[in-house]
Amino acid sequence: MEKVVQQTDYDALSCRLAAISKGYLPSVAFQVQRCNYHGYKEMHMEYLHSLKSVSRRIHSKIFRAMQNSFPVMNYGTYLRTVSIDIQINDFLKSHSKFQNVQIINLGCGSDLRMIPIIKNFTNVTYIDIDYKDSIEMKRKILDQNRALKKALESDDDGETNRYKLISCDLNDEAQTVRTLSESTSSDSPTIVISECVLCYMDDHASKQLISVVLDIYKTGIWISYDPIGGSKFSDRFGIIMQSNLRESRHLEMPTLMIYNSKETYSSRFANCNVEIKDMWDIFENDIPKEEISRLKSLQFLDEVEELKIMQTHYVLLKASW
Ligand code: SAM
């Protein structure tokens, strides 16, 4: 199971690369102007290039998947990426006076947002956590690519001490507590990110993870993005998704039908102040008209109804404590 879950990162990366290749990302309005991300496309191309020398097999898998993305998937990747970037950026801007703010990306996979963030916010310590094999692969790629390595060595003295790549099985409570206690500070304002990660954990393990993290850090926000199965009797989205994943990949999403609505998903963070939206809410209400026109100009989107169904089944939660 661990291997299949790790491989879900190839989907996330290929979706991001597809959205970049078609021009959905970077968004000038959100990522460049608001979040000050520069060289977004270039850093992803560098990563893909170095991935090839680390594993030709994974590279060609990702490259193939990237060619086969549909417009609805590109919209989804765009929405998920920019809305998480904005949440992170807003928190960091409002905490710029703190000496240390930390970001803990749980199940980071090949996510590269640490690169612009480390550069833009000199008070940030960024901790990427994933399974051992995933971390080793990411480390190899970052180490052997000069441009990426240099981008992470953002301090004047060339030290990379604000970025940590750490392996940990988040299903293992003791290991998680030990890892977090050793590598983070419990007093610093903290952003926890779980982007498509809790959905692969079973209910007990994900509850433990949430409880442990909220216990360790005095104050922070948790940004979580996941699919939800749907709570209406006639809604077959989650059931179909589960059975497709099981059949095609032997992959389980154990809590998809437990936390199947915005309300039930929010209940996981009962002691926090929670804001939650589904991605269709975000698309309809938070993306300016000019940006929607830009997206429409990139590819012809025939399947608006399909986009709506998909995006009402993904949520972005911000829990503050
Ligand atoms: N968050 C990244 C993104 O959105 O681009 C990667 C998402 S990928 C769908 C899920 C990631 O979570 C994989 O890299 C996987 O290895 C990691 N993951 C899932 N369960 C985990 C666990 N128990 N411990 C550590 N990593 C885990």
# chains A, B, ... in the order shown; residues from 1 in each chain; ligands from 1
call {"tool": "residues_near_ligand", "arguments": {"ligand": "ligand 1", "cutoff": "9 Å", "atoms": "only C-alpha atoms and all ligand atoms", "output": "PyMOL selection string"}}
result
chain A and resi 2-13+15-16+80-81+105-112+129-135+167-172+176+193-201+205-206+225
call {"tool": "select_by_dssp", "arguments": {"residues": "range 206-250 of chain A", "states": "strand (DSSP E)", "output": "ChimeraX atom specification"}}
result
/A:220-227
call {"tool": "atom_distance", "arguments": {"atom1": "CA of Leu209 in chain A", "atom2": "CA of Ile104 in chain A"}}
result
12.8 Å
call {"tool": "closest_residue", "arguments": {"among": "A:Glu247, A:Ala319, A:Pro288, A:Ile309", "to": "Ile276 in chain A", "atoms": "only C-alpha atoms"}}
result
A:Ala319
call {"tool": "select_by_dssp", "arguments": {"residues": "range 13-250 of chain A", "states": "alpha helix (DSSP H)", "output": "PyMOL selection string"}}
result
chain A and resi 13-21+40-54+56-67+71-94+114-120+132-144+146-152+173-183+203-216+237-249
call {"tool": "residues_around", "arguments": {"residues": "Phe63 in chain A", "least_positions_apart": "6", "cutoff": "9 Å", "atoms": "only C-alpha atoms", "output": "short mmCIF file (atom, residue, chain, number, x, y, z; two decimals) with all heavy atoms, in the first residue's frame"}}
result
data_model
loop_
_atom_site.label_atom_id
_atom_site.label_comp_id
_atom_site.auth_asym_id
_atom_site.auth_seq_id
_atom_site.Cartn_x
_atom_site.Cartn_y
_atom_site.Cartn_z
N SER A 14 2.55 15.38 -12.40
CA SER A 14 2.24 15.46 -13.83
C SER A 14 1.09 16.43 -14.09
O SER A 14 1.08 17.12 -15.10
CB SER A 14 1.95 14.08 -14.43
OG SER A 14 0.91 13.48 -13.74
N LEU A 17 2.67 19.87 -13.99
CA LEU A 17 3.46 20.12 -15.19
C LEU A 17 2.56 20.35 -16.40
O LEU A 17 2.83 21.19 -17.25
CB LEU A 17 4.41 18.94 -15.44
CG LEU A 17 5.56 18.83 -14.43
CD1 LEU A 17 6.23 17.46 -14.51
CD2 LEU A 17 6.59 19.93 -14.66
N ALA A 18 1.45 19.61 -16.45
CA ALA A 18 0.51 19.79 -17.57
C ALA A 18 -0.10 21.18 -17.50
O ALA A 18 -0.19 21.89 -18.51
CB ALA A 18 -0.58 18.73 -17.51
N LEU A 48 11.92 18.42 -13.60
CA LEU A 48 11.60 17.34 -14.52
C LEU A 48 12.86 16.83 -15.21
O LEU A 48 13.07 15.63 -15.36
CB LEU A 48 10.58 17.84 -15.55
CG LEU A 48 10.09 16.82 -16.57
CD1 LEU A 48 9.30 15.70 -15.90
CD2 LEU A 48 9.20 17.48 -17.63
#
call {"tool": "closest_atom_pairs", "arguments": {"of": "range 57-91 of chain A", "to": "range 292-301 of chain A", "cutoff": "8 Å", "atoms": "only C-alpha atoms", "output": "Markdown table"}}
result
| residue | atom | partner | partner_atom | distance |
| --- | --- | --- | --- | --- |
| A:Pro71 | CA | A:Leu301 | CA | 6.1 |
| A:Val72 | CA | A:Leu301 | CA | 7.2 |
| A:Tyr75 | CA | A:Leu295 | CA | 7.9 |
call {"tool": "closest_residue", "arguments": {"among": "A:Val82, A:Cys272, A:Ser69, A:Val54", "to": "Leu25 in chain A", "atoms": "only C-alpha atoms"}}
result
A:Val82
call {"tool": "closest_atom_pairs", "arguments": {"of": "range 141-192 of chain A", "to": "range 84-98 of chain A", "cutoff": "10 Å", "atoms": "only C-alpha atoms", "output": "CSV"}}
result
residue,atom,partner,partner_atom,distance
A:Ser188,CA,A:Phe98,CA,8.2
A:Pro189,CA,A:His95,CA,8.0
A:Thr190,CA,A:Phe91,CA,9.5
A:Ile191,CA,A:Ile88,CA,7.4
A:Val192,CA,A:Ile88,CA,9.5
call {"tool": "write_last_selection", "arguments": {"atoms": "all heavy atoms", "output": "JSON list (two decimals), in the first residue's frame"}}
result
[["chain", "number", "residue", "atom", "x", "y", "z"],
["A", 188, "SER", "N", 6.90, 28.63, 17.47],
["A", 188, "SER", "CA", 6.79, 29.49, 16.28],
["A", 188, "SER", "C", 5.42, 29.34, 15.63],
["A", 188, "SER", "O", 4.87, 28.24, 15.58],
["A", 188, "SER", "CB", 7.84, 29.10, 15.24],
["A", 188, "SER", "OG", 9.11, 29.21, 15.78],
["A", 189, "PRO", "N", 4.90, 30.46, 15.09],
["A", 189, "PRO", "CA", 3.67, 30.33, 14.30],
["A", 189, "PRO", "C", 3.92, 29.34, 13.16],
["A", 189, "PRO", "O", 4.98, 29.37, 12.53],
["A", 189, "PRO", "CB", 3.46, 31.74, 13.75],
["A", 189, "PRO", "CG", 4.27, 32.65, 14.60],
["A", 189, "PRO", "CD", 5.39, 31.84, 15.15],
["A", 190, "THR", "N", 2.95, 28.48, 12.93],
["A", 190, "THR", "CA", 3.19, 27.32, 12.05],
["A", 190, "THR", "C", 2.09, 27.18, 11.01],
["A", 190, "THR", "O", 0.91, 27.29, 11.32],
["A", 190, "THR", "CB", 3.24, 26.04, 12.92],
["A", 190, "THR", "OG1", 4.30, 26.18, 13.86],
["A", 190, "THR", "CG2", 3.46, 24.79, 12.09],
["A", 191, "ILE", "N", 2.52, 26.93, 9.77],
["A", 191, "ILE", "CA", 1.55, 26.57, 8.73],
["A", 191, "ILE", "C", 1.74, 25.09, 8.44],
["A", 191, "ILE", "O", 2.85, 24.65, 8.11],
["A", 191, "ILE", "CB", 1.79, 27.34, 7.41],
["A", 191, "ILE", "CG1", 1.74, 28.86, 7.63],
["A", 191, "ILE", "CG2", 0.79, 26.91, 6.35],
["A", 191, "ILE", "CD1", 2.06, 29.67, 6.37],
["A", 192, "VAL", "N", 0.68, 24.33, 8.62],
["A", 192, "VAL", "CA", 0.73, 22.91, 8.27],
["A", 192, "VAL", "C", -0.03, 22.76, 6.95],
["A", 192, "VAL", "O", -1.13, 23.30, 6.79],
["A", 192, "VAL", "CB", 0.07, 22.05, 9.35],
["A", 192, "VAL", "CG1", 0.10, 20.58, 8.97],
["A", 192, "VAL", "CG2", 0.75, 22.27, 10.69]]
call {"tool": "residues_around", "arguments": {"residues": "range 251-268 of chain A", "least_positions_apart": "2", "cutoff": "6 Å", "atoms": "only C-alpha atoms", "output": "list in words"}}
result
Cys199, Tyr200, Asp202, Ile228, Gly229, Gly230, Ser231, Leu245, Arg246, Arg249 and Ala270 of chain A
call {"tool": "closest_residue", "arguments": {"among": "A:His250, A:Lys277, A:Arg162, A:Lys289", "to": "Leu316 in chain A", "atoms": "only C-alpha atoms"}}
result
A:Lys277
